[in-house]
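Asker: Take this structure first; my questions come after.
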Amino acid sequence: MPSQPIPNAAVTSSAETVEQRFRRLETIWESETQFLSDAQRIIEHPAFQEIIRLGEAVVPLMLRDLEKGPRHWVWALPRITGVNPVPQADAGNIRKMGEAWLRWGRERGYQW
């Protein structure tokens, strides 16, 4: 894992949308953590933390990604929303965790 700051993570162009920033950070995060197996190191990555700081605005983007298939956004969503709709029996099963988050999003009227 690099020890350098994320380029342009703290400062964004006024022309960069939330989704563009989200996708830019996602690309950095995925490329720098793709070979890690330690979940703690993956979620502590600076790009992942910056994504979390984007807040509620990225929840629909994460839900859209989860609809396409299992994603590690299931680790970011509780940190952003302050809730965790995943049943204890499904904890650790990324696919089932994603399904729980999709149900949660639909029940709350999120559109993605």
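In the structure tokens, each chain is lettered A, B, ... as it comes, each chain's residues begin at 1, and ligands are numbered from 1 in order of appearance.
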What's around region 76-79 of chain A at 8 Å? Count only C-alpha atoms, leave out sequence neighbours fewer than 6 positions away in its own chain, and write the answer as JSON, numbers by chain.
Answerer: {"A": [43, 48, 52, 59, 62]}
Asker: Could you list, with a cut-off of 10 Å and counting only C-alpha atoms, the residues of region 27-87 of chain A near region 92-96 of chain A, each shown with its nearest atom pair and the distance in Å rounded to one decimal, rows sorted by chain and ascending number, as a tab-separated table?
Answerer:
residue	atom	partner	partner_atom	distance
A:Leu66	CA	A:Arg95	CA	8.6
A:Gly69	CA	A:Arg95	CA	7.3
A:Pro70	CA	A:Arg95	CA	4.9
A:Arg71	CA	A:Ile94	CA	6.9
A:His72	CA	A:Ile94	CA	7.2
A:Trp73	CA	A:Ile94	CA	9.2
A:Val74	CA	A:Ile94	CA	7.2
A:Trp75	CA	A:Ile94	CA	9.2
A:Val86	CA	A:Lys96	CA	8.0
A:Pro87	CA	A:Lys96	CA	9.1
Asker: Using only C-alpha atoms, determine which residues lie at most 8 Å from Gln111 (chain A), disregarding the query and same-chain residues fewer than 4 positions distant; provide the list as number ranges by chain.
Answerer: A: 60, 105-106
Asker: Neighbouring residues of Ile80 (chain A) were defined as those with any atom within 10 Å, considering only C-alpha atoms; residues of the same chain fewer than 5 positions away were excluded. Please report them as a list in words.
Answerer: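 So, after excluding close chain neighbours, the residues are Ile51, Ile52, Arg53, Leu54, Gly55, Glu56, Ala57, Val58, Val59 and Trp75 of chain A.
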Asker: Write the residues you've just listed into a file as a PDB file, in the first residue's frame, and include N, CA, C and O atoms for each of them.
Answerer:
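Wrote it out as result24.pdb, contents follow:
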ATOM      1  N   ILE A  51     -13.858   8.316   0.102  1.00  0.00           N
ATOM      2  CA  ILE A  51     -15.177   7.963  -0.436  1.00  0.00           C
ATOM      3  C   ILE A  51     -16.220   8.056   0.673  1.00  0.00           C
ATOM      4  O   ILE A  51     -17.302   8.611   0.472  1.00  0.00           O
ATOM      5  N   ILE A  52     -15.908   7.534   1.826  1.00  0.00           N
ATOM      6  CA  ILE A  52     -16.834   7.593   2.957  1.00  0.00           C
ATOM      7  C   ILE A  52     -17.147   9.043   3.316  1.00  0.00           C
ATOM      8  O   ILE A  52     -18.296   9.395   3.577  1.00  0.00           O
ATOM      9  N   ARG A  53     -16.141   9.897   3.263  1.00  0.00           N
ATOM     10  CA  ARG A  53     -16.349  11.309   3.591  1.00  0.00           C
ATOM     11  C   ARG A  53     -17.238  12.028   2.568  1.00  0.00           C
ATOM     12  O   ARG A  53     -17.775  13.096   2.865  1.00  0.00           O
ATOM     13  N   LEU A  54     -17.428  11.439   1.400  1.00  0.00           N
ATOM     14  CA  LEU A  54     -18.351  12.029   0.419  1.00  0.00           C
ATOM     15  C   LEU A  54     -19.791  11.961   0.923  1.00  0.00           C
ATOM     16  O   LEU A  54     -20.649  12.707   0.473  1.00  0.00           O
ATOM     17  N   GLY A  55     -20.072  11.050   1.841  1.00  0.00           N
ATOM     18  CA  GLY A  55     -21.360  11.003   2.522  1.00  0.00           C
ATOM     19  C   GLY A  55     -22.529  10.464   1.715  1.00  0.00           C
ATOM     20  O   GLY A  55     -22.360   9.719   0.760  1.00  0.00           O
ATOM     21  N   GLU A  56     -23.723  10.879   2.145  1.00  0.00           N
ATOM     22  CA  GLU A  56     -24.998  10.398   1.591  1.00  0.00           C
ATOM     23  C   GLU A  56     -25.077  10.464   0.077  1.00  0.00           C
ATOM     24  O   GLU A  56     -25.761   9.667  -0.542  1.00  0.00           O
ATOM     25  N   ALA A  57     -24.398  11.420  -0.521  1.00  0.00           N
ATOM     26  CA  ALA A  57     -24.498  11.611  -1.974  1.00  0.00           C
ATOM     27  C   ALA A  57     -24.039  10.388  -2.756  1.00  0.00           C
ATOM     28  O   ALA A  57     -24.477  10.182  -3.897  1.00  0.00           O
ATOM     29  N   VAL A  58     -23.182   9.562  -2.165  1.00  0.00           N
ATOM     30  CA  VAL A  58     -22.678   8.398  -2.898  1.00  0.00           C
ATOM     31  C   VAL A  58     -23.464   7.119  -2.619  1.00  0.00           C
ATOM     32  O   VAL A  58     -23.227   6.102  -3.259  1.00  0.00           O
ATOM     33  N   VAL A  59     -24.402   7.177  -1.690  1.00  0.00           N
ATOM     34  CA  VAL A  59     -25.191   5.982  -1.373  1.00  0.00           C
ATOM     35  C   VAL A  59     -25.899   5.430  -2.620  1.00  0.00           C
ATOM     36  O   VAL A  59     -25.794   4.232  -2.895  1.00  0.00           O
ATOM     37  N   TRP A  75     -19.070  -2.449   3.175  1.00  0.00           N
ATOM     38  CA  TRP A  75     -18.274  -2.006   4.317  1.00  0.00           C
ATOM     39  C   TRP A  75     -18.356  -0.495   4.482  1.00  0.00           C
ATOM     40  O   TRP A  75     -18.133   0.025   5.574  1.00  0.00           O
TER      41      TRP A  75
END
Asker: Based on DSSP run over this structure's backbone, return all residues of chain A in helix (DSSP H, G or I), as a PDB file with N, CA, C and O atoms, in the first residue's frame.
Answerer:
ATOM      1  N   VAL A  18     -19.826  14.789  -8.077  1.00  0.00           N
ATOM      2  CA  VAL A  18     -19.658  13.827  -6.989  1.00  0.00           C
ATOM      3  C   VAL A  18     -19.400  12.448  -7.583  1.00  0.00           C
ATOM      4  O   VAL A  18     -18.517  11.722  -7.116  1.00  0.00           O
ATOM      5  N   GLU A  19     -20.150  12.091  -8.619  1.00  0.00           N
ATOM      6  CA  GLU A  19     -19.939  10.763  -9.212  1.00  0.00           C
ATOM      7  C   GLU A  19     -18.562  10.649  -9.834  1.00  0.00           C
ATOM      8  O   GLU A  19     -17.912   9.608  -9.699  1.00  0.00           O
ATOM      9  N   GLN A  20     -18.083  11.676 -10.478  1.00  0.00           N
ATOM     10  CA  GLN A  20     -16.741  11.624 -11.063  1.00  0.00           C
ATOM     11  C   GLN A  20     -15.678  11.470  -9.979  1.00  0.00           C
ATOM     12  O   GLN A  20     -14.744  10.677 -10.119  1.00  0.00           O
ATOM     13  N   ARG A  21     -15.838  12.207  -8.912  1.00  0.00           N
ATOM     14  CA  ARG A  21     -14.885  12.099  -7.801  1.00  0.00           C
ATOM     15  C   ARG A  21     -14.952  10.706  -7.182  1.00  0.00           C
ATOM     16  O   ARG A  21     -13.928  10.081  -6.898  1.00  0.00           O
ATOM     17  N   PHE A  22     -16.166  10.225  -6.981  1.00  0.00           N
ATOM     18  CA  PHE A  22     -16.377   8.888  -6.436  1.00  0.00           C
ATOM     19  C   PHE A  22     -15.682   7.847  -7.307  1.00  0.00           C
ATOM     20  O   PHE A  22     -14.950   6.989  -6.814  1.00  0.00           O
ATOM     21  N   ARG A  23     -15.888   7.909  -8.606  1.00  0.00           N
ATOM     22  CA  ARG A  23     -15.296   6.928  -9.527  1.00  0.00           C
ATOM     23  C   ARG A  23     -13.779   7.054  -9.585  1.00  0.00           C
ATOM     24  O   ARG A  23     -13.069   6.056  -9.680  1.00  0.00           O
ATOM     25  N   ARG A  24     -13.272   8.283  -9.505  1.00  0.00           N
ATOM     26  CA  ARG A  24     -11.816   8.482  -9.506  1.00  0.00           C
ATOM     27  C   ARG A  24     -11.211   7.837  -8.261  1.00  0.00           C
ATOM     28  O   ARG A  24     -10.216   7.100  -8.341  1.00  0.00           O
ATOM     29  N   LEU A  25     -11.815   8.103  -7.115  1.00  0.00           N
ATOM     30  CA  LEU A  25     -11.326   7.511  -5.868  1.00  0.00           C
ATOM     31  C   LEU A  25     -11.483   5.992  -5.873  1.00  0.00           C
ATOM     32  O   LEU A  25     -10.607   5.270  -5.387  1.00  0.00           O
ATOM     33  N   GLU A  26     -12.578   5.511  -6.423  1.00  0.00           N
ATOM     34  CA  GLU A  26     -12.811   4.067  -6.523  1.00  0.00           C
ATOM     35  C   GLU A  26     -11.703   3.412  -7.337  1.00  0.00           C
ATOM     36  O   GLU A  26     -11.191   2.347  -6.961  1.00  0.00           O
ATOM     37  N   THR A  27     -11.326   4.023  -8.446  1.00  0.00           N
ATOM     38  CA  THR A  27     -10.270   3.473  -9.306  1.00  0.00           C
ATOM     39  C   THR A  27      -8.944   3.393  -8.556  1.00  0.00           C
ATOM     40  O   THR A  27      -8.247   2.374  -8.613  1.00  0.00           O
ATOM     41  N   ILE A  28      -8.617   4.457  -7.829  1.00  0.00           N
ATOM     42  CA  ILE A  28      -7.387   4.461  -7.033  1.00  0.00           C
ATOM     43  C   ILE A  28      -7.445   3.360  -5.983  1.00  0.00           C
ATOM     44  O   ILE A  28      -6.511   2.558  -5.837  1.00  0.00           O
ATOM     45  N   TRP A  29      -8.553   3.326  -5.257  1.00  0.00           N
ATOM     46  CA  TRP A  29      -8.714   2.348  -4.172  1.00  0.00           C
ATOM     47  C   TRP A  29      -8.611   0.918  -4.696  1.00  0.00           C
ATOM     48  O   TRP A  29      -7.877   0.100  -4.136  1.00  0.00           O
ATOM     49  N   GLU A  30      -9.339   0.623  -5.769  1.00  0.00           N
ATOM     50  CA  GLU A  30      -9.326  -0.744  -6.296  1.00  0.00           C
ATOM     51  C   GLU A  30      -7.945  -1.139  -6.809  1.00  0.00           C
ATOM     52  O   GLU A  30      -7.494  -2.254  -6.568  1.00  0.00           O
ATOM     53  N   SER A  31      -7.278  -0.232  -7.502  1.00  0.00           N
ATOM     54  CA  SER A  31      -5.967  -0.587  -8.055  1.00  0.00           C
ATOM     55  C   SER A  31      -4.923  -0.803  -6.954  1.00  0.00           C
ATOM     56  O   SER A  31      -4.033  -1.634  -7.109  1.00  0.00           O
ATOM     57  N   GLU A  32      -5.053  -0.074  -5.846  1.00  0.00           N
ATOM     58  CA  GLU A  32      -4.064  -0.183  -4.785  1.00  0.00           C
ATOM     59  C   GLU A  32      -4.394  -1.221  -3.722  1.00  0.00           C
ATOM     60  O   GLU A  32      -3.564  -1.503  -2.857  1.00  0.00           O
ATOM     61  N   THR A  33      -5.582  -1.805  -3.783  1.00  0.00           N
ATOM     62  CA  THR A  33      -5.957  -2.815  -2.781  1.00  0.00           C
ATOM     63  C   THR A  33      -6.343  -4.156  -3.404  1.00  0.00           C
ATOM     64  O   THR A  33      -6.677  -5.084  -2.674  1.00  0.00           O
ATOM     65  N   ALA A  39      -9.068  -7.258   5.236  1.00  0.00           N
ATOM     66  CA  ALA A  39     -10.189  -6.320   5.126  1.00  0.00           C
ATOM     67  C   ALA A  39      -9.892  -5.006   5.833  1.00  0.00           C
ATOM     68  O   ALA A  39     -10.268  -3.938   5.343  1.00  0.00           O
ATOM     69  N   GLN A  40      -9.206  -5.052   6.949  1.00  0.00           N
ATOM     70  CA  GLN A  40      -8.896  -3.826   7.689  1.00  0.00           C
ATOM     71  C   GLN A  40      -8.017  -2.895   6.854  1.00  0.00           C
ATOM     72  O   GLN A  40      -8.260  -1.688   6.795  1.00  0.00           O
ATOM     73  N   ARG A  41      -7.023  -3.434   6.194  1.00  0.00           N
ATOM     74  CA  ARG A  41      -6.146  -2.611   5.349  1.00  0.00           C
ATOM     75  C   ARG A  41      -6.914  -2.060   4.148  1.00  0.00           C
ATOM     76  O   ARG A  41      -6.656  -0.940   3.711  1.00  0.00           O
ATOM     77  N   ILE A  42      -7.861  -2.831   3.640  1.00  0.00           N
ATOM     78  CA  ILE A  42      -8.653  -2.381   2.495  1.00  0.00           C
ATOM     79  C   ILE A  42      -9.525  -1.194   2.893  1.00  0.00           C
ATOM     80  O   ILE A  42      -9.586  -0.198   2.189  1.00  0.00           O
ATOM     81  N   ILE A  43     -10.198  -1.290   4.030  1.00  0.00           N
ATOM     82  CA  ILE A  43     -11.110  -0.209   4.419  1.00  0.00           C
ATOM     83  C   ILE A  43     -10.381   0.990   5.033  1.00  0.00           C
ATOM     84  O   ILE A  43     -10.932   2.077   5.086  1.00  0.00           O
ATOM     85  N   PRO A  46      -6.628   5.270   2.217  1.00  0.00           N
ATOM     86  CA  PRO A  46      -7.033   6.678   2.142  1.00  0.00           C
ATOM     87  C   PRO A  46      -8.134   6.966   1.113  1.00  0.00           C
ATOM     88  O   PRO A  46      -9.019   7.785   1.387  1.00  0.00           O
ATOM     89  N   ALA A  47      -8.116   6.314  -0.021  1.00  0.00           N
ATOM     90  CA  ALA A  47      -9.157   6.565  -1.033  1.00  0.00           C
ATOM     91  C   ALA A  47     -10.517   6.075  -0.533  1.00  0.00           C
ATOM     92  O   ALA A  47     -11.541   6.728  -0.752  1.00  0.00           O
ATOM     93  N   PHE A  48     -10.545   4.931   0.135  1.00  0.00           N
ATOM     94  CA  PHE A  48     -11.797   4.413   0.690  1.00  0.00           C
ATOM     95  C   PHE A  48     -12.329   5.364   1.749  1.00  0.00           C
ATOM     96  O   PHE A  48     -13.524   5.664   1.792  1.00  0.00           O
ATOM     97  N   GLN A  49     -11.445   5.874   2.585  1.00  0.00           N
ATOM     98  CA  GLN A  49     -11.851   6.817   3.626  1.00  0.00           C
ATOM     99  C   GLN A  49     -12.380   8.113   3.014  1.00  0.00           C
ATOM    100  O   GLN A  49     -13.346   8.693   3.500  1.00  0.00           O
ATOM    101  N   GLU A  50     -11.776   8.548   1.926  1.00  0.00           N
ATOM    102  CA  GLU A  50     -12.249   9.756   1.241  1.00  0.00           C
ATOM    103  C   GLU A  50     -13.629   9.511   0.634  1.00  0.00           C
ATOM    104  O   GLU A  50     -14.490  10.391   0.658  1.00  0.00           O
ATOM    105  N   ILE A  51     -13.858   8.316   0.102  1.00  0.00           N
ATOM    106  CA  ILE A  51     -15.177   7.963  -0.436  1.00  0.00           C
ATOM    107  C   ILE A  51     -16.220   8.056   0.673  1.00  0.00           C
ATOM    108  O   ILE A  51     -17.302   8.611   0.472  1.00  0.00           O
ATOM    109  N   ILE A  52     -15.908   7.534   1.826  1.00  0.00           N
ATOM    110  CA  ILE A  52     -16.834   7.593   2.957  1.00  0.00           C
ATOM    111  C   ILE A  52     -17.147   9.043   3.316  1.00  0.00           C
ATOM    112  O   ILE A  52     -18.296   9.395   3.577  1.00  0.00           O
ATOM    113  N   ARG A  53     -16.141   9.897   3.263  1.00  0.00           N
ATOM    114  CA  ARG A  53     -16.349  11.309   3.591  1.00  0.00           C
ATOM    115  C   ARG A  53     -17.238  12.028   2.568  1.00  0.00           C
ATOM    116  O   ARG A  53     -17.775  13.096   2.865  1.00  0.00           O
ATOM    117  N   GLY A  55     -20.072  11.050   1.841  1.00  0.00           N
ATOM    118  CA  GLY A  55     -21.360  11.003   2.522  1.00  0.00           C
ATOM    119  C   GLY A  55     -22.529  10.464   1.715  1.00  0.00           C
ATOM    120  O   GLY A  55     -22.360   9.719   0.760  1.00  0.00           O
ATOM    121  N   GLU A  56     -23.723  10.879   2.145  1.00  0.00           N
ATOM    122  CA  GLU A  56     -24.998  10.398   1.591  1.00  0.00           C
ATOM    123  C   GLU A  56     -25.077  10.464   0.077  1.00  0.00           C
ATOM    124  O   GLU A  56     -25.761   9.667  -0.542  1.00  0.00           O
ATOM    125  N   ALA A  57     -24.398  11.420  -0.521  1.00  0.00           N
ATOM    126  CA  ALA A  57     -24.498  11.611  -1.974  1.00  0.00           C
ATOM    127  C   ALA A  57     -24.039  10.388  -2.756  1.00  0.00           C
ATOM    128  O   ALA A  57     -24.477  10.182  -3.897  1.00  0.00           O
ATOM    129  N   VAL A  58     -23.182   9.562  -2.165  1.00  0.00           N
ATOM    130  CA  VAL A  58     -22.678   8.398  -2.898  1.00  0.00           C
ATOM    131  C   VAL A  58     -23.464   7.119  -2.619  1.00  0.00           C
ATOM    132  O   VAL A  58     -23.227   6.102  -3.259  1.00  0.00           O
ATOM    133  N   VAL A  59     -24.402   7.177  -1.690  1.00  0.00           N
ATOM    134  CA  VAL A  59     -25.191   5.982  -1.373  1.00  0.00           C
ATOM    135  C   VAL A  59     -25.899   5.430  -2.620  1.00  0.00           C
ATOM    136  O   VAL A  59     -25.794   4.232  -2.895  1.00  0.00           O
ATOM    137  N   PRO A  60     -26.599   6.250  -3.421  1.00  0.00           N
ATOM    138  CA  PRO A  60     -27.234   5.687  -4.623  1.00  0.00           C
ATOM    139  C   PRO A  60     -26.228   5.087  -5.608  1.00  0.00           C
ATOM    140  O   PRO A  60     -26.528   4.090  -6.270  1.00  0.00           O
ATOM    141  N   LEU A  61     -25.036   5.660  -5.679  1.00  0.00           N
ATOM    142  CA  LEU A  61     -24.008   5.116  -6.569  1.00  0.00           C
ATOM    143  C   LEU A  61     -23.559   3.739  -6.090  1.00  0.00           C
ATOM    144  O   LEU A  61     -23.379   2.813  -6.895  1.00  0.00           O
ATOM    145  N   MET A  62     -23.414   3.602  -4.798  1.00  0.00           N
ATOM    146  CA  MET A  62     -23.027   2.313  -4.229  1.00  0.00           C
ATOM    147  C   MET A  62     -24.127   1.282  -4.418  1.00  0.00           C
ATOM    148  O   MET A  62     -23.857   0.124  -4.754  1.00  0.00           O
ATOM    149  N   LEU A  63     -25.369   1.700  -4.224  1.00  0.00           N
ATOM    150  CA  LEU A  63     -26.489   0.777  -4.405  1.00  0.00           C
ATOM    151  C   LEU A  63     -26.575   0.331  -5.870  1.00  0.00           C
ATOM    152  O   LEU A  63     -26.831  -0.851  -6.145  1.00  0.00           O
ATOM    153  N   ARG A  64     -26.341   1.241  -6.786  1.00  0.00           N
ATOM    154  CA  ARG A  64     -26.339   0.883  -8.213  1.00  0.00           C
ATOM    155  C   ARG A  64     -25.263  -0.171  -8.489  1.00  0.00           C
ATOM    156  O   ARG A  64     -25.505  -1.151  -9.190  1.00  0.00           O
ATOM    157  N   ASP A  65     -24.088   0.024  -7.907  1.00  0.00           N
ATOM    158  CA  ASP A  65     -23.013  -0.952  -8.081  1.00  0.00           C
ATOM    159  C   ASP A  65     -23.387  -2.299  -7.473  1.00  0.00           C
ATOM    160  O   ASP A  65     -23.120  -3.354  -8.063  1.00  0.00           O
ATOM    161  N   LEU A  66     -24.000  -2.273  -6.294  1.00  0.00           N
ATOM    162  CA  LEU A  66     -24.396  -3.521  -5.634  1.00  0.00           C
ATOM    163  C   LEU A  66     -25.441  -4.277  -6.436  1.00  0.00           C
ATOM    164  O   LEU A  66     -25.485  -5.513  -6.397  1.00  0.00           O
ATOM    165  N   GLU A  67     -26.278  -3.551  -7.154  1.00  0.00           N
ATOM    166  CA  GLU A  67     -27.293  -4.206  -7.968  1.00  0.00           C
ATOM    167  C   GLU A  67     -26.649  -5.020  -9.089  1.00  0.00           C
ATOM    168  O   GLU A  67     -27.174  -6.042  -9.515  1.00  0.00           O
ATOM    169  N   LYS A  68     -25.495  -4.599  -9.532  1.00  0.00           N
ATOM    170  CA  LYS A  68     -24.770  -5.305 -10.601  1.00  0.00           C
ATOM    171  C   LYS A  68     -24.036  -6.531 -10.082  1.00  0.00           C
ATOM    172  O   LYS A  68     -23.710  -7.420 -10.855  1.00  0.00           O
ATOM    173  N   TRP A  73     -18.684  -2.203  -1.154  1.00  0.00           N
ATOM    174  CA  TRP A  73     -19.405  -1.038  -0.631  1.00  0.00           C
ATOM    175  C   TRP A  73     -20.182  -1.404   0.625  1.00  0.00           C
ATOM    176  O   TRP A  73     -20.563  -0.527   1.397  1.00  0.00           O
ATOM    177  N   VAL A  74     -20.422  -2.695   0.839  1.00  0.00           N
ATOM    178  CA  VAL A  74     -21.141  -3.109   2.050  1.00  0.00           C
ATOM    179  C   VAL A  74     -20.371  -2.732   3.309  1.00  0.00           C
ATOM    180  O   VAL A  74     -20.950  -2.672   4.388  1.00  0.00           O
ATOM    181  N   TRP A  75     -19.070  -2.449   3.175  1.00  0.00           N
ATOM    182  CA  TRP A  75     -18.274  -2.006   4.317  1.00  0.00           C
ATOM    183  C   TRP A  75     -18.356  -0.495   4.482  1.00  0.00           C
ATOM    184  O   TRP A  75     -18.133   0.025   5.574  1.00  0.00           O
ATOM    185  N   ALA A  76     -18.628   0.231   3.409  1.00  0.00           N
ATOM    186  CA  ALA A  76     -18.698   1.692   3.477  1.00  0.00           C
ATOM    187  C   ALA A  76     -20.083   2.172   3.897  1.00  0.00           C
ATOM    188  O   ALA A  76     -20.202   3.170   4.616  1.00  0.00           O
ATOM    189  N   LEU A  77     -21.114   1.492   3.453  1.00  0.00           N
ATOM    190  CA  LEU A  77     -22.483   1.952   3.699  1.00  0.00           C
ATOM    191  C   LEU A  77     -22.821   2.129   5.185  1.00  0.00           C
ATOM    192  O   LEU A  77     -23.425   3.138   5.544  1.00  0.00           O
ATOM    193  N   PRO A  78     -22.438   1.205   6.066  1.00  0.00           N
ATOM    194  CA  PRO A  78     -22.743   1.437   7.488  1.00  0.00           C
ATOM    195  C   PRO A  78     -22.030   2.670   8.045  1.00  0.00           C
ATOM    196  O   PRO A  78     -22.576   3.382   8.881  1.00  0.00           O
ATOM    197  N   ARG A  79     -20.841   2.940   7.549  1.00  0.00           N
ATOM    198  CA  ARG A  79     -20.083   4.100   8.021  1.00  0.00           C
ATOM    199  C   ARG A  79     -20.708   5.407   7.544  1.00  0.00           C
ATOM    200  O   ARG A  79     -20.629   6.418   8.226  1.00  0.00           O
ATOM    201  N   ILE A  80     -21.325   5.368   6.380  1.00  0.00           N
ATOM    202  CA  ILE A  80     -21.960   6.566   5.828  1.00  0.00           C
ATOM    203  C   ILE A  80     -23.339   6.782   6.431  1.00  0.00           C
ATOM    204  O   ILE A  80     -23.694   7.894   6.818  1.00  0.00           O
ATOM    205  N   THR A  81     -24.131   5.710   6.524  1.00  0.00           N
ATOM    206  CA  THR A  81     -25.537   5.835   6.926  1.00  0.00           C
ATOM    207  C   THR A  81     -25.756   5.739   8.433  1.00  0.00           C
ATOM    208  O   THR A  81     -26.796   6.168   8.929  1.00  0.00           O
ATOM    209  N   GLN A  88     -27.232 -10.732  11.187  1.00  0.00           N
ATOM    210  CA  GLN A  88     -25.997 -11.308  11.728  1.00  0.00           C
ATOM    211  C   GLN A  88     -25.607 -12.586  10.990  1.00  0.00           C
ATOM    212  O   GLN A  88     -24.427 -12.821  10.735  1.00  0.00           O
ATOM    213  N   ALA A  89     -26.579 -13.391  10.611  1.00  0.00           N
ATOM    214  CA  ALA A  89     -26.303 -14.655   9.920  1.00  0.00           C
ATOM    215  C   ALA A  89     -25.639 -14.439   8.558  1.00  0.00           C
ATOM    216  O   ALA A  89     -24.970 -15.331   8.044  1.00  0.00           O
ATOM    217  N   ASP A  90     -25.815 -13.250   7.967  1.00  0.00           N
ATOM    218  CA  ASP A  90     -25.249 -12.962   6.653  1.00  0.00           C
ATOM    219  C   ASP A  90     -23.945 -12.175   6.704  1.00  0.00           C
ATOM    220  O   ASP A  90     -23.329 -11.917   5.668  1.00  0.00           O
ATOM    221  N   ILE A  94     -20.519 -11.358   1.292  1.00  0.00           N
ATOM    222  CA  ILE A  94     -20.631 -10.099   0.551  1.00  0.00           C
ATOM    223  C   ILE A  94     -21.889 -10.063  -0.322  1.00  0.00           C
ATOM    224  O   ILE A  94     -22.561  -9.033  -0.406  1.00  0.00           O
ATOM    225  N   ARG A  95     -22.225 -11.163  -0.964  1.00  0.00           N
ATOM    226  CA  ARG A  95     -23.414 -11.193  -1.819  1.00  0.00           C
ATOM    227  C   ARG A  95     -24.677 -10.940  -0.997  1.00  0.00           C
ATOM    228  O   ARG A  95     -25.499 -10.083  -1.334  1.00  0.00           O
ATOM    229  N   LYS A  96     -24.831 -11.654   0.110  1.00  0.00           N
ATOM    230  CA  LYS A  96     -26.023 -11.478   0.948  1.00  0.00           C
ATOM    231  C   LYS A  96     -26.041 -10.120   1.631  1.00  0.00           C
ATOM    232  O   LYS A  96     -27.099  -9.522   1.811  1.00  0.00           O
ATOM    233  N   MET A  97     -24.883  -9.619   1.970  1.00  0.00           N
ATOM    234  CA  MET A  97     -24.808  -8.284   2.566  1.00  0.00           C
ATOM    235  C   MET A  97     -25.287  -7.251   1.549  1.00  0.00           C
ATOM    236  O   MET A  97     -26.044  -6.338   1.887  1.00  0.00           O
ATOM    237  N   GLY A  98     -24.864  -7.416   0.298  1.00  0.00           N
ATOM    238  CA  GLY A  98     -25.309  -6.517  -0.763  1.00  0.00           C
ATOM    239  C   GLY A  98     -26.810  -6.565  -0.954  1.00  0.00           C
ATOM    240  O   GLY A  98     -27.463  -5.534  -1.130  1.00  0.00           O
ATOM    241  N   GLU A  99     -27.375  -7.761  -0.915  1.00  0.00           N
ATOM    242  CA  GLU A  99     -28.830  -7.912  -1.061  1.00  0.00           C
ATOM    243  C   GLU A  99     -29.560  -7.186   0.063  1.00  0.00           C
ATOM    244  O   GLU A  99     -30.593  -6.542  -0.163  1.00  0.00           O
ATOM    245  N   ALA A 100     -29.031  -7.287   1.282  1.00  0.00           N
ATOM    246  CA  ALA A 100     -29.657  -6.603   2.426  1.00  0.00           C
ATOM    247  C   ALA A 100     -29.610  -5.088   2.225  1.00  0.00           C
ATOM    248  O   ALA A 100     -30.591  -4.388   2.506  1.00  0.00           O
ATOM    249  N   TRP A 101     -28.500  -4.577   1.718  1.00  0.00           N
ATOM    250  CA  TRP A 101     -28.389  -3.141   1.479  1.00  0.00           C
ATOM    251  C   TRP A 101     -29.317  -2.695   0.355  1.00  0.00           C
ATOM    252  O   TRP A 101     -29.905  -1.613   0.434  1.00  0.00           O
ATOM    253  N   LEU A 102     -29.495  -3.505  -0.656  1.00  0.00           N
ATOM    254  CA  LEU A 102     -30.429  -3.152  -1.730  1.00  0.00           C
ATOM    255  C   LEU A 102     -31.862  -3.089  -1.207  1.00  0.00           C
ATOM    256  O   LEU A 102     -32.613  -2.171  -1.540  1.00  0.00           O
ATOM    257  N   ARG A 103     -32.242  -4.055  -0.371  1.00  0.00           N
ATOM    258  CA  ARG A 103     -33.581  -4.018   0.245  1.00  0.00           C
ATOM    259  C   ARG A 103     -33.739  -2.749   1.075  1.00  0.00           C
ATOM    260  O   ARG A 103     -34.747  -2.056   0.992  1.00  0.00           O
ATOM    261  N   TRP A 104     -32.739  -2.460   1.881  1.00  0.00           N
ATOM    262  CA  TRP A 104     -32.749  -1.266   2.722  1.00  0.00           C
ATOM    263  C   TRP A 104     -32.935  -0.012   1.861  1.00  0.00           C
ATOM    264  O   TRP A 104     -33.761   0.843   2.180  1.00  0.00           O
ATOM    265  N   GLY A 105     -32.185   0.090   0.789  1.00  0.00           N
ATOM    266  CA  GLY A 105     -32.273   1.256  -0.085  1.00  0.00           C
ATOM    267  C   GLY A 105     -33.642   1.405  -0.717  1.00  0.00           C
ATOM    268  O   GLY A 105     -34.203   2.516  -0.778  1.00  0.00           O
ATOM    269  N   ARG A 106     -34.202   0.304  -1.191  1.00  0.00           N
ATOM    270  CA  ARG A 106     -35.542   0.347  -1.799  1.00  0.00           C
ATOM    271  C   ARG A 106     -36.592   0.762  -0.770  1.00  0.00           C
ATOM    272  O   ARG A 106     -37.478   1.568  -1.073  1.00  0.00           O
ATOM    273  N   GLU A 107     -36.495   0.208   0.445  1.00  0.00           N
ATOM    274  CA  GLU A 107     -37.459   0.528   1.499  1.00  0.00           C
ATOM    275  C   GLU A 107     -37.413   2.009   1.881  1.00  0.00           C
ATOM    276  O   GLU A 107     -38.398   2.558   2.350  1.00  0.00           O
TER     277      GLU A 107
END
